[in-house]
Amino acid sequence: MEQFINTVKSQVIPLSSVDMLSGMFNIPYAFFYQNTNAVDDFMPSEQLKTAFYLALQMFPILAGHLRQTGDGRFSMVVDKDNLNMPEYLESTSDVHYNDIKFAGFDRRAWPSGVATIGSVIAPDANGIIRTANVHIVRLKDSSGLILFLSIIHCVVDGFAYFAFLNQWAAECKTMRSGAFEVPKPPVEFTFDRSLIEQNLPTERKELDATTSSIFAQSGFLSKWLAWISPQTHGSILRFLASLTTTETHVFHIADSTLATLRSSVCEFTPEGMRVSDNDVLVALLSKTYVQALQCAKEKSGNVVTRVLGSVGNAVLGLLFGAESHQVTSMACDIRSRIGIADKNYIGCPQIGMLISNPLDDLLTPTTPESLAVIASSVRRSVDYLDAPYIGTFIGAMGSVQSFLAQLLIYIMKHPTYLLTSNHTRFRMFEADFGDGHQEWAALIKENPGTVMLMPCPPPMKGVNISMCVEVPVLREILANEFWMSAASQIN
C-alpha cells in the first residue's frame, strides 16, 4: 500500500456523459477458487494484498472520490493527500468449498456476508462511497476461497473490470513465482475521457424513436432527480429495489443447442440479414420474460412489480395507459464503433440500445418463426448503432443526470422493460493468482428484470445466463416449455 501511496499523483478525471449512463450502480462479482491440491499456502493473504496495490498503481482512478460538480456532472478526484482507498477485507468461514460446489454454487450455500456491497452504490459507515470493495473469504479447512470484487460502474465497464482483476492476478502469480517483472499490457491503460469526443465523426444520424421519446420527457421529478447527490440517488434506487422480492438464478444453454436454434431462426429472417447468437438470445429472453410476466399477472390479478410494486405500477397504468410495446435495453460497447478498441481505454463507454417491439409479437407462442421477428428487430437496432448515431446521442444528452432521471421514469412507466448485457467476450476465467483459475463466477444483482450473458467456466461450452427476476415471474419462466427445452438451470 505504501508504494502505491508514494507513487500516486493527484488528478481530476471528469466523467463523460457516456460513463454516467450506468447510473449509480456497481459491478459486483464473487469468484470461487478451489484448493485442488490442498496446499498449505493457498492464495496467501500477504501476497494477495500486496499484488492488489501493485495493480492499483495502474488503475489510480480506483482510489478517487466520486464528486458531483456544480453543473450536475461528476468527476473522479484522486487526491494524493486524501485518497479514497478501496475497502479491503478478509475473513474466514466454517463453510466448506465442497458444500458450495455440490450445491451448484447456489447462493443459499454461500457463507453470509460475502458481498459487502450490492449492485447499487452505498456509502460506508463513515459516509464515504468507495470506488472499489474487496472481500476475501477463506473457506473451512483451507478448502478454497471466495474473492469478492465490486467497482463503481461509471468508472469501469466489464472490459475494464476484468482488465483490473486479471492484472491483479498477474502481479500475484509473478510475485509468487519469484520473477522480478510482471508482464505489462501491450499499451498503457488510458483514462482520458476526451478520447471519445476526439474520435466522433462530424456526421450525425437521427436517434431511434424510443430514445428520442425519453429525451423529450421533462418535468419537476426528472429535474429534481438530476441534481440529487450520489448518496441520495443510491438510497432511492435501493428503496425501489426493496419493494420487490427477487431471486437470481443461472441457466445454461449449450453450444450445440444455441447453434441449432440460431439455424432454425435464420430460416425465417429477411434475406441477406445475418443474425448473431446474441440476437437470438436477446430475442428468446425478451419473449420468455414478457410471457412470464403476463402469466404471473393473470394468476395474481395484479400488474407484476418491477420498480414500484403492483400498486404503484397499477397507478402508473391508469395515468399513462397500458403498454403497447416492450423495450429491451442491450448494452453495447462503443470502442470499436468509434475506432478506439486498441487504446486500452478504461471507462464505461457503453450505450444501451433500446429495442422496442409490440407486446403482441412477444406474447405469441415461441417458435423459430416468432423468434425471427424479434431477432431481426435486435439486429436492426445493433446495426443502427454506429459512430454518427453515437455522436448524435452524446450531443443530445446535455445534462446526463437529467437523461438518467428521464430513463428511470420511463422504466417506472414500463413494467416489461428488460435490461440485458453480454459479458461472454470478457476474460472472466483467466485470473490465476498462482493456484489455478476461478471455478465459478457469480454476478450480484438485486434489480428485477436484469439479465447477464456470461461465458462458461472451462470445460463447459456454451453460454451461462444470470437472471434476476421477481419470484412469481421466475416460477413462470421455469414453466415455460420452450425456454426449458433450450436452457438448463444450474442454480
# chains A, B, ... in the order shown; residues from 1 in each chain; ligands from 1
>>> select_by_dssp(residues="range 339-449 of chain A", states="helix (DSSP H, G or I)", output="number ranges by chain")
A: 359-363, 368-384, 387-397, 400-413
>>> residues_around(residues="Gly64 in chain A", least_positions_apart="3", cutoff="8 Å", atoms="only C-alpha atoms", output="PyMOL selection string")
chain A and resi 60-61+76-79+83-85+131
>>> closest_residue(among="A:Ser91, A:Ser381, A:Asn82, A:Ser150", to="Leu354 in chain A", atoms="only C-alpha atoms")
A:Ser381
>>> closest_atom_pairs(of="range 410-463 of chain A", to="range 41-56 of chain A", cutoff="9 Å", atoms="only C-alpha atoms", output="Markdown table")
| residue | atom | partner | partner_atom | distance |
| --- | --- | --- | --- | --- |
| A:Phe433 | CA | A:Met43 | CA | 6.7 |
| A:Gly434 | CA | A:Met43 | CA | 7.0 |
| A:Asp435 | CA | A:Met43 | CA | 6.6 |
>>> write_last_selection(atoms="N, CA, C and O atoms", output="JSON list (two decimals), in the first residue's frame")
[["chain", "number", "residue", "atom", "x", "y", "z"],
["A", 433, "PHE", "N", -4.08, -16.52, -9.66],
["A", 433, "PHE", "CA", -3.22, -15.86, -8.67],
["A", 433, "PHE", "C", -2.04, -16.76, -8.25],
["A", 433, "PHE", "O", -1.30, -16.41, -7.34],
["A", 434, "GLY", "N", -1.90, -17.89, -8.92],
["A", 434, "GLY", "CA", -0.79, -18.80, -8.63],
["A", 434, "GLY", "C", -1.22, -20.18, -8.24],
["A", 434, "GLY", "O", -0.40, -21.11, -8.16],
["A", 435, "ASP", "N", -2.52, -20.39, -8.02],
["A", 435, "ASP", "CA", -3.04, -21.71, -7.63],
["A", 435, "ASP", "C", -4.17, -22.17, -8.55],
["A", 435, "ASP", "O", -4.97, -23.01, -8.17]]
>>> closest_residue(among="A:Asp81, A:Glu446, A:Asp99, A:Glu90", to="Thr245 in chain A", atoms="only C-alpha atoms")
A:Glu446
>>> residues_around(residues="Gly352 in chain A", least_positions_apart="5", cutoff="6 Å", atoms="only C-alpha atoms", output="JSON, numbers by chain")
{"A": [329, 330, 331, 332]}
